[in-house]
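Asks: Pasting in a structure now, in structure tokens, and then I'll have a few things to ask.
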Amino acid sequence: MFNTIGSSITIKILDTEKRVVWEREEECKSLLRAWNRFMEVILDQSNVSIVDVDGNSKTISAPATASRAIMVGESVATNDDKGVVIGTDDTAVAIDDYCLGTKIIEGTGASQMNYLLQTMTRVESASEDYISLNRIVTNNSGSTIIVKEAGVQVWSQDSVVADVYMLILRDVLSSPASVLDGQSIDVTYKIKAVL
């Protein structure tokens with residue numbers, strides 16, 4: 001019996017009353033190079049070079065003290081720097097992607113959406129263990145926005161203890177999701193280990 005890591009992404013479109021009007025689940029095939037670099041830091045306690053969401057090379061290392069985290073993916077409302085993020089580009093995923101093709105930024109202006117609080121849930125059973133990252137993003141831009149990609153950005157600190165944001169997951173949706181003005185998109189990444 002082999003233990004595997006699997007992941008999925010679920011996309012829902014919610015109306016103004018938060019009722020589901022459209023839903024789809026897909027296999028997530030998007031663990032990026034940054035994910036493996038973080039695993040290297042955790043398992044080997046080594047310093048590794050990583051590219052941040054701005055395209056800059058940074059060195060990430062294991063924390064010298066327990067007061068410093070290696071990787072944080074949780075996010076508060078209005079923050080599009082970390083957590084589940086969405087975008088409008090459909091360029092194929094590459095292992096060395098370091099940012100979404102065109103991230104939708106927080107706001108109410110043209111092509112902007114409002115990022116709500118991200119939640120994380122952990123579930124375990126006799127045969128599987130998974131974490132679920134969920135975030136709702138609301139369109140208050142005044143027009144329809146077509147979402148074509150999603151991902152997860154995380155925060156860490158580099159070797160000089162400066163904030164660094166990195167993309168560890170990215171998916172191009174099998175078909176775009178149209179989010180009308182006033183509607184929301186509900187994105188859930190599930191990362192699991194199964195027997």
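Here, A, B, ... name the chains of the structure tokens in the order displayed, residue numbers run from 1 inside each chain, and ligands are numbered from 1 in the same displayed order.
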Can you pull out the residues contacting Thr10 in chain A? Cut-off 6 Å, using only C-alpha atoms, and skip same-chain residues under 6 positions away; I want them as a ChimeraX atom specification.
Replies: /A:24-25,187-188
Asks: The selected residues should be written to file as a JSON list (two decimals), in the first residue's frame (atoms: N, CA and C atoms).
Replies:
```
[["chain", "number", "residue", "atom", "x", "y", "z"],
["A", 24, "ARG", "N", -17.92, 23.30, -9.71],
["A", 24, "ARG", "CA", -17.09, 22.31, -10.40],
["A", 24, "ARG", "C", -15.90, 21.96, -9.51],
["A", 25, "GLU", "N", -15.53, 20.66, -9.51],
["A", 25, "GLU", "CA", -14.33, 20.21, -8.80],
["A", 25, "GLU", "C", -13.38, 19.60, -9.83],
["A", 187, "VAL", "N", -13.51, 29.49, -3.65],
["A", 187, "VAL", "CA", -12.43, 28.59, -4.09],
["A", 187, "VAL", "C", -11.93, 27.78, -2.91],
["A", 188, "THR", "N", -11.88, 26.46, -3.08],
["A", 188, "THR", "CA", -11.37, 25.58, -2.03],
["A", 188, "THR", "C", -10.28, 24.69, -2.60]]
```
Asks: Per residue of range 23-59 of chain A within 12 Å of range 142-153 of chain A, which atom pair is closest and at what distance in Å (one decimal), using only C-alpha atoms, listed by chain and increasing number, as CSV?
Replies:
```
residue,atom,partner,partner_atom,distance
A:Glu26,CA,A:Ala150,CA,11.9
A:Cys28,CA,A:Gly151,CA,9.9
A:Lys29,CA,A:Gly151,CA,11.0
A:Ser30,CA,A:Gly151,CA,8.4
A:Leu31,CA,A:Gly151,CA,9.6
A:Leu32,CA,A:Gly151,CA,10.1
A:Ala34,CA,A:Gln153,CA,10.0
A:Trp35,CA,A:Gln153,CA,10.3
A:Asp52,CA,A:Gln153,CA,9.6
A:Val53,CA,A:Gln153,CA,8.3
A:Asp54,CA,A:Gln153,CA,11.9
```
Asks: Put those residues in a file: N, CA and C atoms, as an mmCIF file, in the first residue's frame.
Replies:
```cif
data_model
loop_
_atom_site.group_PDB
_atom_site.id
_atom_site.type_symbol
_atom_site.label_atom_id
_atom_site.label_comp_id
_atom_site.auth_asym_id
_atom_site.auth_seq_id
_atom_site.Cartn_x
_atom_site.Cartn_y
_atom_site.Cartn_z
ATOM 1 N N GLU A 26 -12.096 19.915 -9.696
ATOM 2 C CA GLU A 26 -11.076 19.419 -10.610
ATOM 3 C C GLU A 26 -9.887 18.902 -9.815
ATOM 4 N N CYS A 28 -6.211 19.009 -8.847
ATOM 5 C CA CYS A 28 -5.184 20.048 -8.803
ATOM 6 C C CYS A 28 -3.866 19.393 -9.203
ATOM 7 N N LYS A 29 -3.215 19.941 -10.210
ATOM 8 C CA LYS A 29 -1.954 19.378 -10.696
ATOM 9 C C LYS A 29 -0.834 20.403 -10.576
ATOM 10 N N SER A 30 -0.920 21.250 -9.593
ATOM 11 C CA SER A 30 -0.141 22.476 -9.655
ATOM 12 C C SER A 30 0.884 22.705 -8.555
ATOM 13 N N LEU A 31 1.336 21.689 -7.864
ATOM 14 C CA LEU A 31 2.392 21.947 -6.885
ATOM 15 C C LEU A 31 3.607 22.475 -7.646
ATOM 16 N N LEU A 32 4.060 23.637 -7.266
ATOM 17 C CA LEU A 32 5.130 24.316 -7.984
ATOM 18 C C LEU A 32 6.488 24.099 -7.321
ATOM 19 N N ALA A 34 8.337 26.121 -5.790
ATOM 20 C CA ALA A 34 8.415 26.742 -4.462
ATOM 21 C C ALA A 34 7.937 25.788 -3.363
ATOM 22 N N TRP A 35 6.938 24.955 -3.679
ATOM 23 C CA TRP A 35 6.455 23.954 -2.708
ATOM 24 C C TRP A 35 7.604 23.032 -2.314
ATOM 25 N N ASP A 52 10.360 34.999 -5.475
ATOM 26 C CA ASP A 52 9.122 35.519 -4.885
ATOM 27 C C ASP A 52 8.136 35.943 -5.970
ATOM 28 N N VAL A 53 6.931 36.391 -5.575
ATOM 29 C CA VAL A 53 5.875 36.732 -6.535
ATOM 30 C C VAL A 53 6.239 37.930 -7.414
ATOM 31 N N ASP A 54 7.261 38.674 -7.044
ATOM 32 C CA ASP A 54 7.722 39.803 -7.854
ATOM 33 C C ASP A 54 8.870 39.417 -8.787
#
```
Asks: Could you pull out the residues in chain A that DSSP calls strand (DSSP E) from the backbone, as a PyMOL selection string?
Replies: chain A and resi 4-14+20-27+48-51+57-60+83-87+114-115+119-124+128-138+145-157+163-179+184-194
Asks: As a PyMOL selection string, please: all residues of chain A that backbone DSSP puts in helix (DSSP H, G or I).
Replies: chain A and resi 33-44
Asks: Just checking: using only C-alpha atoms, which residue out of A:Thr16, A:Asn140, A:Ser8, A:Asn56 ends up closest to Gly107 in chain A?
Replies: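 Of A:Thr16, A:Asn140, A:Ser8, A:Asn56, the one nearest Gly107 in chain A, counting only C-alpha atoms, is A:Asn140.
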Asks: Enumerate, in order of chain and increasing residue number, the residues of range 110-194 of chain A with an atom no farther than 9 Å from range 58-61 of chain A, each with its shortest atom pair and distance in Å to one decimal, counting only C-alpha atoms, as CSV.
Replies:
```
residue,atom,partner,partner_atom,distance
A:Ser156,CA,A:Ile60,CA,7.6
A:Gln157,CA,A:Ile60,CA,6.6
A:Asp158,CA,A:Ile60,CA,4.7
A:Ser159,CA,A:Thr59,CA,5.7
A:Val160,CA,A:Thr59,CA,8.7
A:Val164,CA,A:Lys58,CA,7.8
```
Asks: Gly83 in chain A: which residues within 7 Å, counting only C-alpha atoms, same-chain residues fewer than 2 positions away excluded, as a list in words?
Replies: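 Skipping anything fewer than 2 positions along the chain leaves Gly73, Glu74, Ser75, Val85, Gln118, Val152, Gln153 and Val154 of chain A.
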Asks: So that I can see what lies close to Ile105 in chain A, please list as a PyMOL selection string the residues with an atom at most 10 Å from it, counting only C-alpha atoms and leaving out residues fewer than 4 positions away in the same chain.
Replies: chain A and resi 78-81+85-87+109+111-115
Asks: Residues as selected, N, CA and C atoms, written as a compact mmCIF listing (two decimals), in the first residue's frame, can you do that?
Replies:
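The resulting file, out-v9.txt, is shown below:
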```txt
# COMPACT_ATOMS: atom_id res chain seq x y z
N THR A 78 -9.42 41.37 2.80
CA THR A 78 -8.79 42.46 2.04
C THR A 78 -7.31 42.23 1.74
N ASN A 79 -6.75 41.10 2.13
CA ASN A 79 -5.33 40.83 1.87
C ASN A 79 -5.20 39.87 0.70
N ASP A 80 -4.59 40.33 -0.39
CA ASP A 80 -4.36 39.46 -1.54
C ASP A 80 -2.89 39.07 -1.68
N ASP A 81 -2.11 39.26 -0.61
CA ASP A 81 -0.70 38.88 -0.62
C ASP A 81 -0.49 37.41 -0.31
N VAL A 85 -5.65 32.86 -4.00
CA VAL A 85 -5.74 34.03 -4.88
C VAL A 85 -6.28 33.58 -6.24
N ILE A 86 -6.87 34.52 -6.98
CA ILE A 86 -7.44 34.19 -8.28
C ILE A 86 -6.93 35.17 -9.33
N GLY A 87 -7.07 34.78 -10.62
CA GLY A 87 -6.60 35.64 -11.68
C GLY A 87 -7.34 35.41 -12.98
N GLY A 109 -12.55 48.60 -7.90
CA GLY A 109 -12.39 49.23 -9.20
C GLY A 109 -12.50 48.22 -10.33
N SER A 111 -11.85 45.45 -12.84
CA SER A 111 -11.05 44.21 -12.78
C SER A 111 -10.55 43.87 -11.38
N GLN A 112 -11.14 44.45 -10.35
CA GLN A 112 -10.76 44.15 -8.97
C GLN A 112 -11.90 43.43 -8.26
N MET A 113 -11.56 42.68 -7.21
CA MET A 113 -12.57 41.98 -6.40
C MET A 113 -12.18 42.06 -4.93
N ASN A 114 -13.15 41.79 -4.06
CA ASN A 114 -12.91 41.86 -2.62
C ASN A 114 -12.62 40.47 -2.05
N TYR A 115 -11.40 40.30 -1.53
CA TYR A 115 -10.98 39.04 -0.90
C TYR A 115 -11.50 39.00 0.53
```
Asks: Tell me which protein, DNA and RNA residues are within 6 Å of Asn139 in chain A, counting only C-alpha atoms, leaving out same-chain ones fewer than 5 positions away, and put them as a list in words.
Replies: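 So, after excluding close chain neighbours, the residues are Met113, Asp181, Gly182, Gln183 and Ser184 of chain A.
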Asks: If you keep N, CA and C atoms, can you produce a file of those selected residues as an mmCIF file, in the first residue's frame?
Replies:
```cif
data_model
loop_
_atom_site.group_PDB
_atom_site.id
_atom_site.type_symbol
_atom_site.label_atom_id
_atom_site.label_comp_id
_atom_site.auth_asym_id
_atom_site.auth_seq_id
_atom_site.Cartn_x
_atom_site.Cartn_y
_atom_site.Cartn_z
ATOM 1 N N MET A 113 -11.564 42.679 -7.208
ATOM 2 C CA MET A 113 -12.566 41.978 -6.401
ATOM 3 C C MET A 113 -12.182 42.065 -4.931
ATOM 4 N N ASP A 181 -21.218 41.006 -11.555
ATOM 5 C CA ASP A 181 -21.158 42.016 -10.504
ATOM 6 C C ASP A 181 -22.119 41.630 -9.383
ATOM 7 N N GLY A 182 -21.648 41.650 -8.148
ATOM 8 C CA GLY A 182 -22.455 41.275 -6.987
ATOM 9 C C GLY A 182 -22.330 39.806 -6.613
ATOM 10 N N GLN A 183 -21.849 38.979 -7.528
ATOM 11 C CA GLN A 183 -21.645 37.566 -7.222
ATOM 12 C C GLN A 183 -20.278 37.362 -6.564
ATOM 13 N N SER A 184 -20.080 36.138 -6.068
ATOM 14 C CA SER A 184 -18.808 35.771 -5.444
ATOM 15 C C SER A 184 -18.316 34.468 -6.054
#
```
Asks: Using only C-alpha atoms, which residue out of A:Ile9, A:Cys99, A:Leu169, A:Ala94 lies closest to Asn36 in chain A?
Replies: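 Checking each candidate against Asn36 in chain A, we get A:Leu169 as the closest.
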Asks: List the neighbours of Trp22 in chain A out to 10 Å using only C-alpha atoms; skip same-chain residues closer than 5 positions along the sequence, and give me the result as a PyMOL selection string.
Replies: chain A and resi 11-15+177-178+185
Asks: My list of candidates is A:Thr108, A:Ser57, A:Ser174, A:Thr121. Which is closest to Thr138 in chain A when distances are computed with only C-alpha atoms?
Replies: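 Closest residue, counting only C-alpha atoms: A:Thr108.
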Asks: Which distance in Å separates CA of Val84 in chain A and CA of Lys192 in chain A, to one decimal?
Replies: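 Interatomic distance, CA of Val84 in chain A to CA of Lys192 in chain A: 16.5 Å.
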